Amino acid sequence: MARPGAGGALLRILLSQLPPAAREAAPLGLRGPVAAASYGTSITSAKIKVNGVPLHYQQTGQGDHAVLLLPGMLGSSQTDFGPQLKSMNKQLFTIVAWDPRGYGHSIPPARDFPPDFFERDARDAVDLMQALKFKKFSLLGWSDGGITALIAAAKYPTFIHKLVVWGANTIVTQEDLKLYNAIRDVSKWSEKIRKPMEEVYGHEYFAKTCEAWVDGISQFADKPDGNICQHLLPHIKCPTFIIHGGKDPLVPQFHADYLHAHIKGSRLFLMPEGKHNLHLRFAEEFNRLVEDFLQ
């Protein structure tokens, strides 16, 4: 990734001239007229009602290949996909990043976790892209967004061109439960990770929703084999690319290996130094891998 230099300083100066609401609405690392000048197209931010809920999304690029970015737990387009919105090829791709209901700027409603919350997100995601007039598109899903993307690819195959997932799992094991409960208390998170979330949600909503997420994801451990969506993997027919960080502290590698073994024709790529947020930490390499796969 490039070092911040004069361009970054100019961007900060321009941002300082904007009213607070405008600064808040702009995506991280990709704000204002500098982004439009540098990358040939601006990022639009809007809401559209889908399945009775106003869903927020950001869109950029002018390519024929539409791509939907699906964020992780408590994630949003603003917090999770700055380097992708900024630097993916905007001549080849039209990139949409969404905030699932109850996350980011898709509030209200408050986020809840009924037994079918992943299926609900998958339906919302596909219906969002249909509402935006994309007849067929690819999915890039991170963590919870990866689970949502797997379900969407299996249940709505006629709409999905290609699939990329990282940090995703199809079952919840006892080992996973220990990892989830370790992050239940957000006061124990590092400030670097916690602060951006609190800026979006405020401390109370963030803390409450994180606890609710742990309870929501843990309910799958009570199902046979801890199943979330492993029964759907044989129904995924689109080309699939699985990326895994060798140092992911939240999702052990056996989850990626399982996906690779049970999605016919899938590819698996291991980033030895990658952690859970490998697409942010190693954004340049990640974007290049994904763009090569999508073409």
# chains A, B, ... in the order shown; residues from 1 in each chain; ligands from 1

$ closest_atom_pairs --of "range 34-140 of chain A" --to "range 164-170 of chain A" --cutoff "12 Å" --atoms "only C-alpha atoms" --output "JSON lines"
{"residue": "A:Val67", "atom": "CA", "partner": "A:Val164", "partner_atom": "CA", "distance": 10.2}
{"residue": "A:Leu68", "atom": "CA", "partner": "A:Val164", "partner_atom": "CA", "distance": 10.3}
{"residue": "A:Leu69", "atom": "CA", "partner": "A:Val164", "partner_atom": "CA", "distance": 9.6}
{"residue": "A:Leu70", "atom": "CA", "partner": "A:Val165", "partner_atom": "CA", "distance": 9.5}
{"residue": "A:Pro71", "atom": "CA", "partner": "A:Val165", "partner_atom": "CA", "distance": 10.8}
{"residue": "A:Gly72", "atom": "CA", "partner": "A:Gly167", "partner_atom": "CA", "distance": 9.0}
{"residue": "A:Met73", "atom": "CA", "partner": "A:Ala168", "partner_atom": "CA", "distance": 11.1}
{"residue": "A:Phe118", "atom": "CA", "partner": "A:Thr170", "partner_atom": "CA", "distance": 11.0}
{"residue": "A:Phe137", "atom": "CA", "partner": "A:Val164", "partner_atom": "CA", "distance": 11.8}
{"residue": "A:Ser138", "atom": "CA", "partner": "A:Val164", "partner_atom": "CA", "distance": 8.0}
{"residue": "A:Leu139", "atom": "CA", "partner": "A:Val164", "partner_atom": "CA", "distance": 6.1}
{"residue": "A:Leu140", "atom": "CA", "partner": "A:Val164", "partner_atom": "CA", "distance": 4.7}

$ select_by_dssp --residues "range 56-145 of chain A" --states "helix (DSSP H, G or I)" --output "PDB file with N, CA, C and O atoms, in the first residue's frame"
ATOM      1  N   SER A  77     -20.437  -0.471   4.673  1.00  0.00           N
ATOM      2  CA  SER A  77     -19.609  -0.055   3.544  1.00  0.00           C
ATOM      3  C   SER A  77     -18.528   0.911   4.014  1.00  0.00           C
ATOM      4  O   SER A  77     -17.389   0.877   3.526  1.00  0.00           O
ATOM      5  N   GLN A  78     -18.842   1.748   4.967  1.00  0.00           N
ATOM      6  CA  GLN A  78     -17.906   2.767   5.445  1.00  0.00           C
ATOM      7  C   GLN A  78     -16.746   2.162   6.212  1.00  0.00           C
ATOM      8  O   GLN A  78     -15.592   2.568   6.049  1.00  0.00           O
ATOM      9  N   THR A  79     -17.018   1.178   7.059  1.00  0.00           N
ATOM     10  CA  THR A  79     -15.975   0.635   7.926  1.00  0.00           C
ATOM     11  C   THR A  79     -15.190  -0.509   7.303  1.00  0.00           C
ATOM     12  O   THR A  79     -14.041  -0.744   7.679  1.00  0.00           O
ATOM     13  N   ASP A  80     -15.798  -1.233   6.362  1.00  0.00           N
ATOM     14  CA  ASP A  80     -15.227  -2.518   5.946  1.00  0.00           C
ATOM     15  C   ASP A  80     -14.548  -2.537   4.589  1.00  0.00           C
ATOM     16  O   ASP A  80     -13.754  -3.446   4.332  1.00  0.00           O
ATOM     17  N   GLY A  82     -13.146   0.342   2.506  1.00  0.00           N
ATOM     18  CA  GLY A  82     -12.510   1.536   1.960  1.00  0.00           C
ATOM     19  C   GLY A  82     -11.542   1.256   0.822  1.00  0.00           C
ATOM     20  O   GLY A  82     -11.649   1.852  -0.255  1.00  0.00           O
ATOM     21  N   PRO A  83     -10.584   0.325   0.984  1.00  0.00           N
ATOM     22  CA  PRO A  83      -9.616   0.092  -0.098  1.00  0.00           C
ATOM     23  C   PRO A  83     -10.225  -0.520  -1.351  1.00  0.00           C
ATOM     24  O   PRO A  83      -9.682  -0.351  -2.446  1.00  0.00           O
ATOM     25  N   GLN A  84     -11.328  -1.228  -1.210  1.00  0.00           N
ATOM     26  CA  GLN A  84     -11.974  -1.818  -2.388  1.00  0.00           C
ATOM     27  C   GLN A  84     -12.769  -0.746  -3.148  1.00  0.00           C
ATOM     28  O   GLN A  84     -12.682  -0.654  -4.376  1.00  0.00           O
ATOM     29  N   LEU A  85     -13.510   0.075  -2.418  1.00  0.00           N
ATOM     30  CA  LEU A  85     -14.232   1.170  -3.065  1.00  0.00           C
ATOM     31  C   LEU A  85     -13.264   2.151  -3.717  1.00  0.00           C
ATOM     32  O   LEU A  85     -13.548   2.723  -4.769  1.00  0.00           O
ATOM     33  N   LYS A  86     -12.120   2.317  -3.111  1.00  0.00           N
ATOM     34  CA  LYS A  86     -11.151   3.276  -3.611  1.00  0.00           C
ATOM     35  C   LYS A  86     -10.386   2.770  -4.831  1.00  0.00           C
ATOM     36  O   LYS A  86     -10.222   3.500  -5.816  1.00  0.00           O
ATOM     37  N   SER A  87      -9.950   1.513  -4.798  1.00  0.00           N
ATOM     38  CA  SER A  87      -8.900   1.102  -5.727  1.00  0.00           C
ATOM     39  C   SER A  87      -9.244  -0.023  -6.683  1.00  0.00           C
ATOM     40  O   SER A  87      -8.450  -0.311  -7.573  1.00  0.00           O
ATOM     41  N   PHE A 117     -31.419 -15.179  10.303  1.00  0.00           N
ATOM     42  CA  PHE A 117     -30.893 -13.854   9.954  1.00  0.00           C
ATOM     43  C   PHE A 117     -29.940 -13.884   8.767  1.00  0.00           C
ATOM     44  O   PHE A 117     -29.897 -12.934   7.976  1.00  0.00           O
ATOM     45  N   PHE A 118     -29.194 -14.969   8.582  1.00  0.00           N
ATOM     46  CA  PHE A 118     -28.330 -15.044   7.406  1.00  0.00           C
ATOM     47  C   PHE A 118     -29.149 -15.172   6.126  1.00  0.00           C
ATOM     48  O   PHE A 118     -28.834 -14.533   5.105  1.00  0.00           O
ATOM     49  N   GLU A 119     -30.200 -15.980   6.155  1.00  0.00           N
ATOM     50  CA  GLU A 119     -31.073 -16.106   4.987  1.00  0.00           C
ATOM     51  C   GLU A 119     -31.760 -14.778   4.677  1.00  0.00           C
ATOM     52  O   GLU A 119     -31.922 -14.405   3.508  1.00  0.00           O
ATOM     53  N   ARG A 120     -32.150 -14.057   5.722  1.00  0.00           N
ATOM     54  CA  ARG A 120     -32.776 -12.744   5.528  1.00  0.00           C
ATOM     55  C   ARG A 120     -31.806 -11.777   4.868  1.00  0.00           C
ATOM     56  O   ARG A 120     -32.163 -11.052   3.931  1.00  0.00           O
ATOM     57  N   ASP A 121     -30.554 -11.771   5.330  1.00  0.00           N
ATOM     58  CA  ASP A 121     -29.551 -10.907   4.713  1.00  0.00           C
ATOM     59  C   ASP A 121     -29.298 -11.289   3.259  1.00  0.00           C
ATOM     60  O   ASP A 121     -29.117 -10.420   2.393  1.00  0.00           O
ATOM     61  N   ALA A 122     -29.273 -12.597   2.980  1.00  0.00           N
ATOM     62  CA  ALA A 122     -29.048 -13.050   1.599  1.00  0.00           C
ATOM     63  C   ALA A 122     -30.173 -12.575   0.691  1.00  0.00           C
ATOM     64  O   ALA A 122     -29.931 -12.104  -0.430  1.00  0.00           O
ATOM     65  N   ARG A 123     -31.400 -12.687   1.167  1.00  0.00           N
ATOM     66  CA  ARG A 123     -32.547 -12.223   0.376  1.00  0.00           C
ATOM     67  C   ARG A 123     -32.492 -10.708   0.169  1.00  0.00           C
ATOM     68  O   ARG A 123     -32.717 -10.209  -0.942  1.00  0.00           O
ATOM     69  N   ASP A 124     -32.175  -9.984   1.229  1.00  0.00           N
ATOM     70  CA  ASP A 124     -32.065  -8.526   1.111  1.00  0.00           C
ATOM     71  C   ASP A 124     -30.977  -8.135   0.113  1.00  0.00           C
ATOM     72  O   ASP A 124     -31.161  -7.212  -0.697  1.00  0.00           O
ATOM     73  N   ALA A 125     -29.834  -8.820   0.176  1.00  0.00           N
ATOM     74  CA  ALA A 125     -28.715  -8.475  -0.697  1.00  0.00           C
ATOM     75  C   ALA A 125     -29.070  -8.677  -2.167  1.00  0.00           C
ATOM     76  O   ALA A 125     -28.814  -7.805  -3.010  1.00  0.00           O
ATOM     77  N   VAL A 126     -29.647  -9.805  -2.468  1.00  0.00           N
ATOM     78  CA  VAL A 126     -30.031 -10.083  -3.858  1.00  0.00           C
ATOM     79  C   VAL A 126     -31.119  -9.121  -4.316  1.00  0.00           C
ATOM     80  O   VAL A 126     -31.066  -8.577  -5.428  1.00  0.00           O
ATOM     81  N   ASP A 127     -32.089  -8.877  -3.462  1.00  0.00           N
ATOM     82  CA  ASP A 127     -33.181  -7.974  -3.832  1.00  0.00           C
ATOM     83  C   ASP A 127     -32.691  -6.535  -3.977  1.00  0.00           C
ATOM     84  O   ASP A 127     -33.224  -5.774  -4.796  1.00  0.00           O
ATOM     85  N   LEU A 128     -31.687  -6.151  -3.192  1.00  0.00           N
ATOM     86  CA  LEU A 128     -31.089  -4.823  -3.360  1.00  0.00           C
ATOM     87  C   LEU A 128     -30.498  -4.675  -4.751  1.00  0.00           C
ATOM     88  O   LEU A 128     -30.747  -3.678  -5.451  1.00  0.00           O
ATOM     89  N   MET A 129     -29.709  -5.647  -5.170  1.00  0.00           N
ATOM     90  CA  MET A 129     -29.081  -5.553  -6.491  1.00  0.00           C
ATOM     91  C   MET A 129     -30.118  -5.579  -7.605  1.00  0.00           C
ATOM     92  O   MET A 129     -29.954  -4.901  -8.636  1.00  0.00           O
ATOM     93  N   GLN A 130     -31.188  -6.335  -7.414  1.00  0.00           N
ATOM     94  CA  GLN A 130     -32.266  -6.324  -8.404  1.00  0.00           C
ATOM     95  C   GLN A 130     -32.936  -4.957  -8.443  1.00  0.00           C
ATOM     96  O   GLN A 130     -33.258  -4.437  -9.519  1.00  0.00           O
ATOM     97  N   ALA A 131     -33.131  -4.359  -7.270  1.00  0.00           N
ATOM     98  CA  ALA A 131     -33.742  -3.028  -7.215  1.00  0.00           C
ATOM     99  C   ALA A 131     -32.858  -1.985  -7.896  1.00  0.00           C
ATOM    100  O   ALA A 131     -33.366  -0.992  -8.444  1.00  0.00           O
ATOM    101  N   ASP A 144     -19.149 -12.714   8.308  1.00  0.00           N
ATOM    102  CA  ASP A 144     -20.597 -12.923   8.218  1.00  0.00           C
ATOM    103  C   ASP A 144     -21.100 -12.661   6.800  1.00  0.00           C
ATOM    104  O   ASP A 144     -22.010 -13.339   6.316  1.00  0.00           O
ATOM    105  N   GLY A 145     -20.523 -11.666   6.146  1.00  0.00           N
ATOM    106  CA  GLY A 145     -20.905 -11.383   4.767  1.00  0.00           C
ATOM    107  C   GLY A 145     -20.551 -12.514   3.832  1.00  0.00           C
ATOM    108  O   GLY A 145     -21.211 -12.731   2.812  1.00  0.00           O
TER     109      GLY A 145
END

$ residues_around --residues "Leu232 in chain A" --least-positions-apart "2" --cutoff "7 Å" --atoms "only C-alpha atoms" --output "PyMOL selection string"
chain A and resi 151+154+229-230+234-235

$ residues_around --residues "Asp292 in chain A" --least-positions-apart "6" --cutoff "12 Å" --atoms "only C-alpha atoms" --output "PDB file with N, CA and C atoms, in the first residue's frame"
ATOM      1  N   MET A  88     -10.381  -0.695  -6.513  1.00  0.00           N
ATOM      2  CA  MET A  88     -10.714  -1.708  -7.516  1.00  0.00           C
ATOM      3  C   MET A  88     -10.967  -1.043  -8.862  1.00  0.00           C
ATOM      4  N   ASN A  89     -10.734  -1.776  -9.919  1.00  0.00           N
ATOM      5  CA  ASN A  89     -10.793  -1.228 -11.276  1.00  0.00           C
ATOM      6  C   ASN A  89     -12.209  -0.761 -11.621  1.00  0.00           C
ATOM      7  N   LEU A  92     -13.624  -1.716 -15.268  1.00  0.00           N
ATOM      8  CA  LEU A  92     -14.118  -3.083 -15.446  1.00  0.00           C
ATOM      9  C   LEU A  92     -15.342  -3.383 -14.594  1.00  0.00           C
ATOM     10  N   PHE A  93     -15.417  -2.752 -13.403  1.00  0.00           N
ATOM     11  CA  PHE A  93     -16.433  -3.138 -12.434  1.00  0.00           C
ATOM     12  C   PHE A  93     -17.299  -1.961 -12.002  1.00  0.00           C
ATOM     13  N   LYS A 162     -20.016 -14.743 -10.080  1.00  0.00           N
ATOM     14  CA  LYS A 162     -18.892 -15.368  -9.395  1.00  0.00           C
ATOM     15  C   LYS A 162     -18.960 -15.035  -7.907  1.00  0.00           C
ATOM     16  N   VAL A 164     -16.600 -14.708  -4.193  1.00  0.00           N
ATOM     17  CA  VAL A 164     -15.353 -14.643  -3.439  1.00  0.00           C
ATOM     18  C   VAL A 164     -15.704 -14.545  -1.958  1.00  0.00           C
ATOM     19  N   PHE A 241     -14.019 -18.499  -5.299  1.00  0.00           N
ATOM     20  CA  PHE A 241     -12.644 -18.252  -4.856  1.00  0.00           C
ATOM     21  C   PHE A 241     -12.664 -18.045  -3.341  1.00  0.00           C
ATOM     22  N   GLU A 285      -2.676  -6.586  -2.644  1.00  0.00           N
ATOM     23  CA  GLU A 285      -2.605  -7.980  -3.082  1.00  0.00           C
ATOM     24  C   GLU A 285      -4.005  -8.578  -3.198  1.00  0.00           C
ATOM     25  N   PHE A 286      -4.838  -8.294  -2.221  1.00  0.00           N
ATOM     26  CA  PHE A 286      -6.199  -8.812  -2.231  1.00  0.00           C
ATOM     27  C   PHE A 286      -6.956  -8.327  -3.466  1.00  0.00           C
TER      28      PHE A 286
END

$ select_by_dssp --residues "range 81-245 of chain A" --states "strand (DSSP E or B)" --output "ChimeraX atom specification"
/A:93-99,137-142,160-166,171,227,240-245
